[in-house]
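Source file: coords.cif (mmCIF, C-alpha atoms and all ligand atoms)
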```cif
data_target
loop_
_atom_site.label_atom_id
_atom_site.label_comp_id
_atom_site.auth_asym_id
_atom_site.auth_seq_id
_atom_site.Cartn_x
_atom_site.Cartn_y
_atom_site.Cartn_z
CA MET A 1 -18.69 -75.27 -34.18
CA ARG A 2 -15.95 -72.86 -33.16
CA SER A 3 -16.96 -69.56 -31.58
CA ASP A 4 -14.94 -67.66 -34.21
CA ASP A 5 -16.91 -69.34 -37.00
CA PRO A 6 -19.03 -66.65 -38.77
CA VAL A 7 -22.03 -69.02 -38.85
CA TYR A 8 -21.76 -69.42 -35.06
CA LYS A 9 -21.93 -65.64 -34.66
CA ILE A 10 -24.95 -65.31 -36.93
CA LEU A 11 -26.91 -68.13 -35.29
CA LYS A 12 -26.08 -66.76 -31.86
CA SER A 13 -27.32 -63.31 -32.85
CA VAL A 14 -30.74 -64.66 -33.86
CA ALA A 15 -31.10 -67.34 -31.17
CA PRO A 16 -34.03 -67.39 -28.71
CA GLY A 17 -33.42 -64.90 -25.93
CA THR A 18 -32.10 -62.19 -28.29
CA GLY A 19 -34.22 -59.12 -29.05
CA LEU A 20 -33.98 -59.73 -32.78
CA ARG A 21 -35.29 -63.30 -32.48
CA ASP A 22 -38.21 -62.22 -30.26
CA GLY A 23 -39.10 -59.72 -32.97
CA LEU A 24 -38.79 -62.29 -35.77
CA ASP A 25 -40.97 -64.74 -33.85
CA ASN A 26 -43.57 -62.00 -33.38
CA VAL A 27 -43.66 -61.34 -37.12
CA LEU A 28 -43.83 -65.08 -37.81
CA ARG A 29 -46.85 -65.43 -35.52
CA ALA A 30 -48.54 -62.37 -37.04
CA LYS A 31 -48.13 -63.97 -40.50
CA THR A 32 -47.29 -60.67 -42.17
CA GLY A 33 -43.95 -61.82 -43.57
CA ALA A 34 -40.88 -59.56 -43.58
CA LEU A 35 -37.64 -58.76 -45.34
CA ILE A 36 -34.97 -57.47 -42.97
CA VAL A 37 -31.39 -56.40 -43.67
CA VAL A 38 -29.06 -56.35 -40.69
CA GLY A 39 -26.58 -53.49 -40.89
CA SER A 40 -26.22 -50.91 -43.60
CA ASN A 41 -23.01 -50.63 -45.60
CA GLU A 42 -21.73 -48.90 -48.73
CA ALA A 43 -22.78 -51.78 -50.91
CA LEU A 44 -26.34 -51.66 -49.58
CA GLU A 45 -27.01 -47.92 -49.87
CA PRO A 46 -27.32 -47.77 -53.69
CA LEU A 47 -29.79 -50.68 -53.59
CA VAL A 48 -32.23 -48.93 -51.26
CA ASP A 49 -35.06 -46.96 -52.82
CA GLY A 50 -37.57 -44.87 -50.86
CA GLY A 51 -38.93 -45.81 -47.46
CA PHE A 52 -38.79 -43.98 -44.14
CA TYR A 53 -35.90 -43.21 -41.87
CA ILE A 54 -37.25 -44.39 -38.52
CA ASN A 55 -34.30 -44.78 -36.14
CA CYS A 56 -36.32 -46.29 -33.28
CA ASP A 57 -35.33 -49.00 -30.78
CA LEU A 58 -35.41 -52.54 -32.13
CA THR A 59 -38.10 -54.02 -29.90
CA PRO A 60 -40.28 -57.02 -30.76
CA ALA A 61 -43.33 -54.71 -30.78
CA ASN A 62 -41.73 -52.14 -33.12
CA LEU A 63 -40.55 -54.81 -35.53
CA TYR A 64 -43.99 -56.38 -35.54
CA GLU A 65 -45.69 -53.05 -36.30
CA LEU A 66 -43.26 -52.04 -39.04
CA ALA A 67 -43.41 -55.47 -40.69
CA LYS A 68 -47.07 -54.79 -41.43
CA MET A 69 -45.89 -52.31 -44.06
CA ASP A 70 -44.77 -53.45 -47.48
CA GLY A 71 -41.09 -53.45 -48.33
CA ALA A 72 -37.92 -54.12 -46.42
CA ILE A 73 -36.74 -53.09 -42.95
CA ILE A 74 -33.12 -52.18 -42.28
CA VAL A 75 -31.80 -52.57 -38.73
CA SER A 76 -28.48 -51.42 -37.34
CA GLU A 77 -25.44 -53.72 -37.31
CA ASP A 78 -25.60 -53.96 -33.49
CA ARG A 79 -29.27 -55.03 -33.73
CA LYS A 80 -30.33 -52.23 -31.38
CA LYS A 81 -32.11 -49.85 -33.79
CA ILE A 82 -34.56 -50.07 -36.63
CA LEU A 83 -33.12 -47.60 -39.15
CA TYR A 84 -35.45 -47.78 -42.16
CA ALA A 85 -38.81 -49.31 -43.00
CA ASN A 86 -40.96 -49.64 -46.11
CA THR A 87 -37.93 -49.52 -48.43
CA LEU A 88 -37.68 -51.09 -51.85
CA LEU A 89 -34.51 -53.10 -52.41
CA LEU A 90 -33.14 -53.25 -55.92
CA PRO A 91 -30.30 -55.78 -56.14
CA GLU A 92 -28.69 -56.75 -59.46
CA SER A 93 -31.19 -58.97 -61.24
CA SER A 94 -28.30 -60.82 -62.90
CA ILE A 95 -27.24 -62.30 -59.55
CA PRO A 96 -28.33 -65.94 -59.64
CA SER A 97 -31.04 -66.98 -57.22
CA THR A 98 -32.64 -70.34 -56.59
CA GLU A 99 -35.61 -68.86 -54.70
CA THR A 100 -39.07 -68.68 -56.21
CA GLY A 101 -40.92 -65.81 -54.43
CA ILE A 102 -39.87 -62.20 -55.02
CA ARG A 103 -39.19 -61.53 -51.33
CA HIS A 104 -36.86 -64.48 -50.98
CA ARG A 105 -35.15 -63.87 -54.29
CA THR A 106 -34.51 -60.27 -53.24
CA ALA A 107 -33.18 -61.44 -49.86
CA GLU A 108 -30.76 -63.88 -51.51
CA ARG A 109 -29.52 -61.36 -54.06
CA VAL A 110 -29.07 -58.55 -51.51
CA ALA A 111 -27.10 -60.93 -49.26
CA LYS A 112 -24.87 -61.98 -52.15
CA GLN A 113 -24.36 -58.43 -53.39
CA THR A 114 -23.80 -56.68 -50.04
CA LYS A 115 -22.47 -59.56 -47.87
CA GLN A 116 -24.86 -58.35 -45.14
CA LEU A 117 -27.12 -60.65 -43.16
CA VAL A 118 -30.60 -60.65 -44.67
CA VAL A 119 -33.57 -62.29 -42.99
CA SER A 120 -36.65 -63.28 -44.89
CA ILE A 121 -39.82 -64.34 -43.13
CA SER A 122 -42.25 -66.08 -45.38
CA GLN A 123 -45.87 -65.06 -45.08
CA ARG A 124 -47.21 -68.34 -46.40
CA ARG A 125 -44.66 -70.93 -45.33
CA ASN A 126 -44.04 -69.95 -41.72
CA VAL A 127 -40.24 -70.09 -41.96
CA ILE A 128 -37.42 -67.71 -41.18
CA THR A 129 -34.57 -67.93 -43.68
CA LEU A 130 -31.16 -66.34 -43.19
CA TYR A 131 -28.88 -65.30 -46.04
CA LYS A 132 -25.35 -63.97 -45.95
CA GLY A 133 -23.13 -64.03 -49.01
CA ASN A 134 -23.72 -67.45 -50.55
CA TRP A 135 -24.77 -68.96 -47.22
CA ARG A 136 -28.45 -69.76 -46.74
CA TYR A 137 -30.04 -71.29 -43.67
CA ALA A 138 -33.66 -71.91 -42.76
CA LEU A 139 -34.12 -71.67 -38.99
CA LYS A 140 -35.73 -74.77 -37.61
CA ASP A 141 -38.52 -74.95 -35.14
CA ILE A 142 -37.13 -74.87 -31.60
CA GLY A 143 -39.06 -78.04 -30.67
CA VAL A 144 -37.47 -79.90 -33.59
CA ILE A 145 -33.96 -78.78 -32.62
CA LEU A 146 -34.58 -79.68 -28.98
CA GLY A 147 -35.65 -83.17 -30.08
CA LYS A 148 -32.53 -83.59 -32.20
CA ALA A 149 -30.32 -82.25 -29.43
CA ASN A 150 -31.81 -84.67 -26.91
CA GLN A 151 -31.27 -87.56 -29.29
CA ALA A 152 -27.67 -86.46 -29.84
CA ILE A 153 -27.14 -86.29 -26.06
CA GLN A 154 -28.33 -89.89 -25.74
CA THR A 155 -25.94 -90.99 -28.48
CA LEU A 156 -23.14 -89.08 -26.81
CA ASP A 157 -23.92 -90.81 -23.53
CA LYS A 158 -23.48 -94.21 -25.23
CA TYR A 159 -20.30 -93.21 -27.05
CA LYS A 160 -18.89 -91.78 -23.84
CA SER A 161 -19.39 -94.95 -21.85
CA VAL A 162 -17.72 -96.99 -24.64
CA LEU A 163 -14.83 -94.50 -24.59
CA ASP A 164 -14.52 -94.69 -20.80
CA LYS A 165 -14.28 -98.48 -20.99
CA GLY A 166 -11.70 -98.18 -23.76
CA LEU A 167 -9.59 -95.79 -21.68
CA ILE A 168 -9.68 -98.05 -18.61
CA ASN A 169 -8.72 -101.02 -20.74
CA LEU A 170 -5.90 -99.01 -22.33
CA SER A 171 -4.57 -98.07 -18.87
CA ALA A 172 -4.54 -101.73 -17.81
CA LEU A 173 -2.77 -102.78 -21.01
CA GLU A 174 -0.24 -99.98 -20.56
CA PHE A 175 0.82 -101.37 -17.19
CA GLU A 176 0.92 -104.88 -18.67
CA GLU A 177 3.07 -103.48 -21.51
CA ILE A 178 1.00 -105.15 -24.21
CA VAL A 179 -0.69 -102.19 -25.95
CA THR A 180 -0.89 -102.62 -29.73
CA PHE A 181 -1.36 -99.87 -32.32
CA ASN A 182 -4.83 -101.23 -33.02
CA GLU A 183 -5.86 -100.64 -29.40
CA VAL A 184 -4.55 -97.08 -29.46
CA ALA A 185 -6.33 -96.44 -32.78
CA ALA A 186 -9.60 -97.82 -31.37
CA VAL A 187 -9.45 -95.43 -28.40
CA ILE A 188 -8.58 -92.45 -30.58
CA GLN A 189 -11.41 -93.37 -32.94
CA ARG A 190 -13.84 -93.31 -30.00
CA ILE A 191 -12.42 -90.02 -28.79
CA GLU A 192 -12.99 -88.47 -32.19
CA MET A 193 -16.54 -89.82 -32.35
CA VAL A 194 -17.30 -88.27 -28.96
CA LEU A 195 -15.78 -84.96 -30.05
CA ARG A 196 -17.74 -84.95 -33.30
CA ILE A 197 -21.06 -85.49 -31.62
CA LYS A 198 -20.12 -82.88 -29.03
CA GLU A 199 -19.57 -80.40 -31.85
CA GLU A 200 -22.94 -81.25 -33.33
CA ILE A 201 -24.64 -80.63 -29.98
CA GLU A 202 -22.78 -77.34 -29.58
CA LYS A 203 -24.29 -76.22 -32.87
CA TYR A 204 -27.77 -77.03 -31.58
CA ILE A 205 -27.01 -75.15 -28.37
CA VAL A 206 -26.04 -72.02 -30.31
CA GLU A 207 -29.27 -72.19 -32.26
CA LEU A 208 -31.33 -72.87 -29.14
CA GLY A 209 -30.02 -69.79 -27.31
CA THR A 210 -31.66 -69.52 -23.89
CA GLU A 211 -33.74 -72.64 -24.66
CA GLY A 212 -30.54 -74.71 -24.76
CA ARG A 213 -29.49 -74.27 -21.14
CA LEU A 214 -30.35 -77.78 -20.00
CA ILE A 215 -28.75 -79.41 -23.02
CA SER A 216 -25.66 -77.32 -22.43
CA MET A 217 -25.44 -78.47 -18.80
CA GLN A 218 -25.88 -82.12 -19.80
CA LEU A 219 -23.20 -81.75 -22.45
CA GLU A 220 -20.74 -80.21 -20.03
CA GLU A 221 -21.25 -82.99 -17.54
CA LEU A 222 -20.82 -85.69 -20.18
CA VAL A 223 -17.68 -84.37 -21.80
CA ALA A 224 -15.91 -82.90 -18.77
CA GLY A 225 -12.27 -83.87 -19.05
CA VAL A 226 -12.59 -85.66 -22.41
CA GLU A 227 -10.50 -83.12 -24.29
CA LEU A 228 -7.65 -83.20 -21.79
CA GLU A 229 -7.66 -87.00 -21.66
CA SER A 230 -7.73 -87.16 -25.46
CA TYR A 231 -4.84 -84.77 -25.73
CA LEU A 232 -2.82 -86.85 -23.27
CA VAL A 233 -3.52 -90.11 -25.14
CA ILE A 234 -2.19 -88.53 -28.31
CA LYS A 235 0.79 -87.05 -26.47
CA ASP A 236 1.53 -90.53 -25.17
CA TYR A 237 1.50 -92.22 -28.55
CA CYS A 238 2.41 -89.60 -31.16
CA ASN A 239 5.65 -90.48 -32.95
CA ASP A 240 8.18 -88.13 -31.40
CA SER A 241 10.55 -88.26 -34.32
CA GLU A 242 8.20 -85.85 -36.05
CA GLU A 243 7.82 -82.19 -35.18
CA ARG A 244 4.09 -81.91 -34.49
CA SER A 245 1.93 -81.00 -31.59
CA ALA A 246 -0.60 -83.38 -30.06
CA LEU A 247 -3.07 -80.49 -30.06
CA ASP A 248 -2.76 -80.08 -33.81
CA VAL A 249 -3.35 -83.81 -34.31
CA LEU A 250 -6.44 -83.62 -32.11
CA LYS A 251 -7.91 -80.35 -33.35
CA ASN A 252 -7.06 -80.53 -37.05
CA GLU A 253 -5.64 -83.74 -38.47
CA LEU A 254 -8.24 -86.14 -37.05
CA LYS A 255 -11.01 -83.72 -38.04
CA ASN A 256 -9.99 -84.14 -41.69
CA LEU A 257 -10.86 -87.83 -41.71
CA SER A 258 -14.25 -88.69 -43.17
CA ALA A 259 -16.56 -90.92 -41.12
CA ASP A 260 -15.45 -93.95 -43.17
CA GLU A 261 -11.75 -93.11 -42.97
CA LEU A 262 -12.06 -92.80 -39.20
CA LEU A 263 -13.10 -96.45 -39.02
CA GLU A 264 -9.79 -97.63 -40.54
CA PRO A 265 -7.14 -98.01 -37.79
CA GLU A 266 -4.33 -97.55 -40.35
CA ASN A 267 -5.46 -93.97 -41.01
CA ILE A 268 -5.24 -93.09 -37.33
CA ILE A 269 -1.88 -94.84 -36.92
CA ASN A 270 -0.66 -92.87 -39.90
CA ILE A 271 -1.85 -89.58 -38.36
CA LEU A 272 0.07 -90.50 -35.21
CA GLY A 273 3.15 -90.39 -37.41
CA TYR A 274 3.86 -94.08 -38.07
CA PRO A 275 4.35 -95.05 -41.71
CA PRO A 276 2.16 -97.95 -42.86
CA THR A 277 4.01 -101.25 -42.59
CA VAL A 278 2.69 -104.79 -42.78
CA ASN A 279 0.63 -105.70 -39.73
CA ILE A 280 1.52 -102.47 -37.93
CA GLY A 281 -1.76 -102.71 -36.03
CA GLU A 282 -0.58 -105.83 -34.23
CA LYS A 283 2.72 -104.31 -33.14
CA ILE A 284 3.34 -103.33 -29.53
CA VAL A 285 3.69 -99.64 -28.73
CA TYR A 286 4.71 -98.05 -25.43
CA PRO A 287 3.09 -94.93 -23.98
CA ARG A 288 5.25 -92.10 -22.73
CA GLY A 289 3.16 -91.85 -19.59
CA PHE A 290 1.66 -88.34 -19.72
CA ARG A 291 -1.88 -89.64 -19.14
CA ALA A 292 -0.95 -91.94 -16.25
CA LEU A 293 1.31 -89.39 -14.54
CA THR A 294 -1.29 -86.61 -14.83
CA LYS A 295 -3.57 -88.76 -12.68
CA VAL A 296 -1.01 -88.82 -9.85
CA PRO A 297 -2.04 -86.04 -7.45
CA ARG A 298 0.19 -83.07 -6.75
CA ILE A 299 2.80 -83.64 -9.46
CA PRO A 300 3.48 -80.45 -11.45
CA ILE A 301 3.53 -80.70 -15.25
CA SER A 302 7.16 -79.56 -15.35
CA VAL A 303 8.13 -82.59 -13.24
CA ILE A 304 6.13 -84.92 -15.51
CA ASP A 305 7.97 -83.43 -18.51
CA ASN A 306 11.36 -83.97 -16.80
CA LEU A 307 10.50 -87.54 -15.91
CA ILE A 308 9.37 -88.42 -19.44
CA GLU A 309 12.29 -86.66 -21.03
CA TYR A 310 14.68 -88.71 -18.92
CA TYR A 311 12.95 -92.10 -18.95
CA GLY A 312 11.25 -91.98 -22.37
CA LYS A 313 8.35 -94.25 -21.52
CA LEU A 314 5.97 -95.17 -18.73
CA THR A 315 7.40 -98.67 -18.25
CA ASN A 316 10.80 -97.23 -17.32
CA ILE A 317 9.22 -94.87 -14.80
CA VAL A 318 7.17 -97.67 -13.23
CA ASN A 319 10.28 -99.83 -12.94
CA ALA A 320 12.53 -97.08 -11.58
CA SER A 321 13.54 -97.34 -7.91
CA MET A 322 12.85 -94.49 -5.48
CA GLU A 323 16.54 -93.55 -5.61
CA GLU A 324 16.43 -93.38 -9.39
CA LEU A 325 13.31 -91.20 -9.38
CA ASP A 326 15.02 -88.98 -6.81
CA LEU A 327 17.68 -88.10 -9.40
CA ILE A 328 15.21 -86.20 -11.60
CA ASP A 329 14.99 -82.41 -11.40
CA GLY A 330 12.09 -81.39 -9.13
CA ILE A 331 11.80 -84.79 -7.43
CA GLY A 332 12.87 -85.37 -3.84
CA GLU A 333 12.26 -88.28 -1.55
CA VAL A 334 8.65 -87.28 -0.81
CA ARG A 335 7.68 -86.77 -4.44
CA ALA A 336 9.42 -89.99 -5.50
CA LYS A 337 7.20 -91.87 -3.04
CA LEU A 338 4.10 -89.97 -4.24
CA ILE A 339 4.85 -90.98 -7.83
CA ALA A 340 5.57 -94.64 -7.06
CA ASP A 341 2.49 -94.97 -4.80
CA GLY A 342 0.31 -93.03 -7.24
CA LEU A 343 1.24 -95.18 -10.23
CA ARG A 344 0.68 -98.34 -8.20
CA ARG A 345 -2.81 -97.14 -7.22
CA ILE A 346 -3.70 -96.18 -10.81
CA ARG A 347 -2.55 -99.58 -11.99
CA GLU A 348 -4.59 -101.45 -9.37
CA GLN A 349 -7.63 -99.32 -10.14
CA ALA A 350 -7.32 -99.99 -13.89
CA PHE A 351 -6.99 -103.74 -13.32
CA PHE A 352 -10.01 -103.68 -11.01
CA GLU A 353 -12.26 -101.45 -13.16
CA ARG A 354 -11.45 -103.36 -16.32
CA HIS A 355 -13.63 -106.21 -15.11
CA ILE A 356 -16.61 -104.17 -13.92
N1 LIG B 1 -37.42 -55.89 -53.82
C1 LIG B 1 -38.14 -55.82 -52.69
N2 LIG B 1 -37.85 -54.88 -51.78
C2 LIG B 1 -38.57 -54.78 -50.66
N3 LIG B 1 -39.56 -55.62 -50.32
C3 LIG B 1 -39.87 -56.60 -51.18
C4 LIG B 1 -39.18 -56.76 -52.40
N4 LIG B 1 -39.72 -57.81 -53.05
C5 LIG B 1 -40.70 -58.31 -52.26
N5 LIG B 1 -40.82 -57.57 -51.14
C6 LIG B 1 -41.76 -57.76 -50.04
O1 LIG B 1 -42.19 -59.10 -50.06
C7 LIG B 1 -43.63 -59.14 -50.08
C8 LIG B 1 -44.12 -60.43 -50.64
O2 LIG B 1 -43.61 -60.73 -51.93
P1 LIG B 1 -43.84 -62.16 -52.58
O3 LIG B 1 -45.13 -62.74 -52.09
O4 LIG B 1 -43.61 -62.08 -54.03
O5 LIG B 1 -42.62 -62.94 -51.94
P2 LIG B 1 -42.44 -64.45 -51.50
O6 LIG B 1 -40.98 -64.71 -51.61
O7 LIG B 1 -43.39 -65.33 -52.25
O8 LIG B 1 -42.81 -64.36 -49.96
P3 LIG B 1 -43.88 -65.16 -49.07
O9 LIG B 1 -43.39 -66.57 -48.97
O10 LIG B 1 -43.88 -64.41 -47.80
O11 LIG B 1 -45.19 -65.02 -49.81
C9 LIG B 1 -43.98 -57.88 -50.83
O12 LIG B 1 -45.29 -57.50 -50.55
C10 LIG B 1 -42.98 -56.89 -50.27
O13 LIG B 1 -43.41 -56.41 -49.01
#
```
What is this file in structure tokens?
Amino acid sequence: MRSDDPVYKILKSVAPGTGLRDGLDNVLRAKTGALIVVGSNEALEPLVDGGFYINCDLTPANLYELAKMDGAIIVSEDRKKILYANTLLLPESSIPSTETGIRHRTAERVAKQTKQLVVSISQRRNVITLYKGNWRYALKDIGVILGKANQAIQTLDKYKSVLDKGLINLSALEFEEIVTFNEVAAVIQRIEMVLRIKEEIEKYIVELGTEGRLISMQLEELVAGVELESYLVIKDYCNDSEERSALDVLKNELKNLSADELLEPENIINILGYPPTVNIGEKIVYPRGFRALTKVPRIPISVIDNLIEYYGKLTNIVNASMEELDLIDGIGEVRAKLIADGLRRIREQAFFERHI
């Protein structure tokens, strides 16, 4: 989930560790139930009838005490103050609602009518439900989310080791000059699977708030470098006759594939910019060399760009003599040797690791 996603912001604002969540948990434990509107706006004002203007700090204890009263509580947009308590909310009764109880129906209608975040805590069912516009979300028990997040981390671990093997194999094939489109598609498919499960875990982390620290650390360790490596694979194989950025392919176009579509190599080859032709998967394709060259220490990106612009593909760079490398802008004798030695080492390492 992206941090600019409105759902991300809402879940973050009610995650464990926030004052509002501590208060909601208090009310949940006290089994009094509550109806809380976050932030007052022009659309809300006409719907509020009666109640008290309180304007006290939003603390878990204050929320707990005020939730004992009937009616709704209105807190400030910044979640720092409790503005009103014991108010009656009168949303349009014509607004459709799928809820059964009056409290929840009111919450849903107020959220739809005012577009504000409305929180309903059920007295009988022990759940906290969030509403905003047409969006509805029942917060899950932290233990349940932690269990799911741990399971997702284990799956990610497996996917990641398959991806790592795929990348090593791809490197070896690149130096042997026998990469086929199917092999590239298989690696990109694994990349996308890793990124999808990463996104799922990030959603759990948002919802877990301070309880998600360990999961967050595990995630970071597992996916460190995956995005850069993925970007470089796509940069290496994207059809350059088309004006498109590798980042766009990675961040948007692959995301649009359904889980089933992702399993078809032709769809990935197509996204890379190659029109479908008979047996395209079996055809040989040559990498430009961004991924391999980025692994060579102390070579600036501008030099990598110059090299690839001049030579077109990795094979040509590997086969270039020191004198030929020397001709490129930004490369002198020392750097030419660094590049040649570096590529040789990467090649040997890929050949060696392929069999581990
Ligand atoms: N329009 C409203 N404005 C303010 N508060 C309301 C409104 N409707 C219901 N409530 C609050 O909700 C409380 C419970 O209502 P009700 O039991 O019908 O709702 P419910 O959806 O079944 O909730 P629960 O699952 O907690 O029982 C009321 O006592 C009142 O405090």
May I ask you to write as a PyMOL selection string all residues lying at most 6 Å from ligand LIG 1 (chain B), with all atoms listed in the file counted?
chain A and resi 33+70-72+87-90+101-104+106+122-125
Create the file for the chosen residues now, containing C-alpha atoms and written as a PDB file, keeping the file's coordinate frame.
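Result file follows (selection.pdb):
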```pdb
ATOM      1  CA  GLY A  33     -43.950 -61.820 -43.570  1.00  0.00           C
ATOM      2  CA  ASP A  70     -44.770 -53.450 -47.480  1.00  0.00           C
ATOM      3  CA  GLY A  71     -41.090 -53.450 -48.330  1.00  0.00           C
ATOM      4  CA  ALA A  72     -37.920 -54.120 -46.420  1.00  0.00           C
ATOM      5  CA  THR A  87     -37.930 -49.520 -48.430  1.00  0.00           C
ATOM      6  CA  LEU A  88     -37.680 -51.090 -51.850  1.00  0.00           C
ATOM      7  CA  LEU A  89     -34.510 -53.100 -52.410  1.00  0.00           C
ATOM      8  CA  LEU A  90     -33.140 -53.250 -55.920  1.00  0.00           C
ATOM      9  CA  GLY A 101     -40.920 -65.810 -54.430  1.00  0.00           C
ATOM     10  CA  ILE A 102     -39.870 -62.200 -55.020  1.00  0.00           C
ATOM     11  CA  ARG A 103     -39.190 -61.530 -51.330  1.00  0.00           C
ATOM     12  CA  HIS A 104     -36.860 -64.480 -50.980  1.00  0.00           C
ATOM     13  CA  THR A 106     -34.510 -60.270 -53.240  1.00  0.00           C
ATOM     14  CA  SER A 122     -42.250 -66.080 -45.380  1.00  0.00           C
ATOM     15  CA  GLN A 123     -45.870 -65.060 -45.080  1.00  0.00           C
ATOM     16  CA  ARG A 124     -47.210 -68.340 -46.400  1.00  0.00           C
ATOM     17  CA  ARG A 125     -44.660 -70.930 -45.330  1.00  0.00           C
TER      18      ARG A 125
END
```
Choose the residue, out of A:Leu24, A:Ile191, A:Leu254, A:Ile10, that has the smallest atom-to-atom separation from A:Asn126; count only C-alpha atoms.
A:Leu24
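Computed from the coordinates, the atom CA of A:Asn256 to atom CA of A:Val179 distance equals 25.7 Å.
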Report, in Å to a single decimal, how far apart atom CA of A:Gly281 and atom CA of A:Asn306 are.
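If I compute the distance from atom CA of A:Asn306 to atom CA of A:Gly281, I get 29.9 Å.
Closest approach to A:Ser76 from the set A:Tyr53, A:Tyr137, A:Tyr204, A:Tyr64 is made by A:Tyr53, with distances taken over only C-alpha atoms.
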Between A:Arg196, A:Lys313, A:Lys203, A:Arg345, which one has atoms that come closest to A:Ser258, using only C-alpha atoms?
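The shortest atom-to-atom distance to A:Ser258 comes from A:Arg196.
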Draw an axis-aligned box tight on the listed atoms of stretch 325-339 of chain A, then pad every side by 6 Å and write out centre and edge lengths in Å to one decimal as lines of an AutoDock Vina configuration file.
```
center_x = 10.9
center_y = -86.6
center_z = -6.2
size_x = 25.6
size_y = 22.5
size_z = 22.8
```
Up to 12 Å from (-10.0, -83.1, -25.3) in the file's coordinates: name the residues, counting all atoms listed in the file, as number ranges by chain.
A: 188, 190-196, 198-199, 223-235, 246-251
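What separates atom CA of A:Lys80 from atom CA of A:Gly51 is a distance of 19.3 Å.
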From (-44.5, -57.9, -27.9), in the file's coordinates, out to 12 Å: which residues are reached, counting only C-alpha atoms? Answer as number ranges by chain.
A: 19-27, 29-30, 58-65
Taking into account only C-alpha atoms, which residue in the set A:Gln349, A:Gln113, A:Ser40, A:Asn182 is nearest to A:Ile268?
A:Asn182
Counting all atoms listed in the file, which of A:Val37, A:Ala85, A:Ala350, A:Ile153 gets nearest to A:Glu108?
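Among the listed residues, A:Val37 lies closest to A:Glu108.
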Filled-in N, CA and C atoms of stretch 273-286 of chain A, supplied as a PDB file, in the coordinates of the input:
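The resulting file, part-v1.pdb, is shown below:
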```pdb
ATOM      1  N   GLY A 273       1.781 -90.581 -36.916  1.00  0.00           N
ATOM      2  CA  GLY A 273       3.150 -90.390 -37.410  1.00  0.00           C
ATOM      3  C   GLY A 273       3.904 -91.672 -37.673  1.00  0.00           C
ATOM      4  N   TYR A 274       3.180 -92.811 -37.775  1.00  0.00           N
ATOM      5  CA  TYR A 274       3.860 -94.080 -38.070  1.00  0.00           C
ATOM      6  C   TYR A 274       3.548 -94.500 -39.498  1.00  0.00           C
ATOM      7  N   PRO A 275       4.595 -94.673 -40.314  1.00  0.00           N
ATOM      8  CA  PRO A 275       4.350 -95.050 -41.710  1.00  0.00           C
ATOM      9  C   PRO A 275       3.703 -96.430 -41.779  1.00  0.00           C
ATOM     10  N   PRO A 276       2.841 -96.653 -42.776  1.00  0.00           N
ATOM     11  CA  PRO A 276       2.160 -97.950 -42.860  1.00  0.00           C
ATOM     12  C   PRO A 276       3.154 -99.073 -43.166  1.00  0.00           C
ATOM     13  N   THR A 277       3.192-100.063 -42.323  1.00  0.00           N
ATOM     14  CA  THR A 277       4.010-101.250 -42.590  1.00  0.00           C
ATOM     15  C   THR A 277       3.103-102.460 -42.394  1.00  0.00           C
ATOM     16  N   VAL A 278       3.540-103.593 -42.860  1.00  0.00           N
ATOM     17  CA  VAL A 278       2.690-104.790 -42.780  1.00  0.00           C
ATOM     18  C   VAL A 278       2.363-105.096 -41.319  1.00  0.00           C
ATOM     19  N   ASN A 279       1.108-105.344 -41.071  1.00  0.00           N
ATOM     20  CA  ASN A 279       0.630-105.700 -39.730  1.00  0.00           C
ATOM     21  C   ASN A 279       1.011-104.715 -38.631  1.00  0.00           C
ATOM     22  N   ILE A 280       1.112-103.438 -38.970  1.00  0.00           N
ATOM     23  CA  ILE A 280       1.520-102.470 -37.930  1.00  0.00           C
ATOM     24  C   ILE A 280       0.533-102.468 -36.753  1.00  0.00           C
ATOM     25  N   GLY A 281      -0.740-102.714 -37.077  1.00  0.00           N
ATOM     26  CA  GLY A 281      -1.760-102.710 -36.030  1.00  0.00           C
ATOM     27  C   GLY A 281      -1.493-103.687 -34.912  1.00  0.00           C
ATOM     28  N   GLU A 282      -0.825-104.786 -35.229  1.00  0.00           N
ATOM     29  CA  GLU A 282      -0.580-105.830 -34.230  1.00  0.00           C
ATOM     30  C   GLU A 282       0.673-105.546 -33.393  1.00  0.00           C
ATOM     31  N   LYS A 283       1.435-104.553 -33.834  1.00  0.00           N
ATOM     32  CA  LYS A 283       2.720-104.310 -33.140  1.00  0.00           C
ATOM     33  C   LYS A 283       2.508-103.625 -31.794  1.00  0.00           C
ATOM     34  N   ILE A 284       3.416-103.918 -30.877  1.00  0.00           N
ATOM     35  CA  ILE A 284       3.340-103.330 -29.530  1.00  0.00           C
ATOM     36  C   ILE A 284       3.889-101.898 -29.574  1.00  0.00           C
ATOM     37  N   VAL A 285       3.220-101.019 -28.822  1.00  0.00           N
ATOM     38  CA  VAL A 285       3.690 -99.640 -28.730  1.00  0.00           C
ATOM     39  C   VAL A 285       3.650 -99.229 -27.256  1.00  0.00           C
ATOM     40  N   TYR A 286       4.620 -98.418 -26.853  1.00  0.00           N
ATOM     41  CA  TYR A 286       4.710 -98.050 -25.430  1.00  0.00           C
ATOM     42  C   TYR A 286       4.320 -96.584 -25.221  1.00  0.00           C
TER      43      TYR A 286
END
```
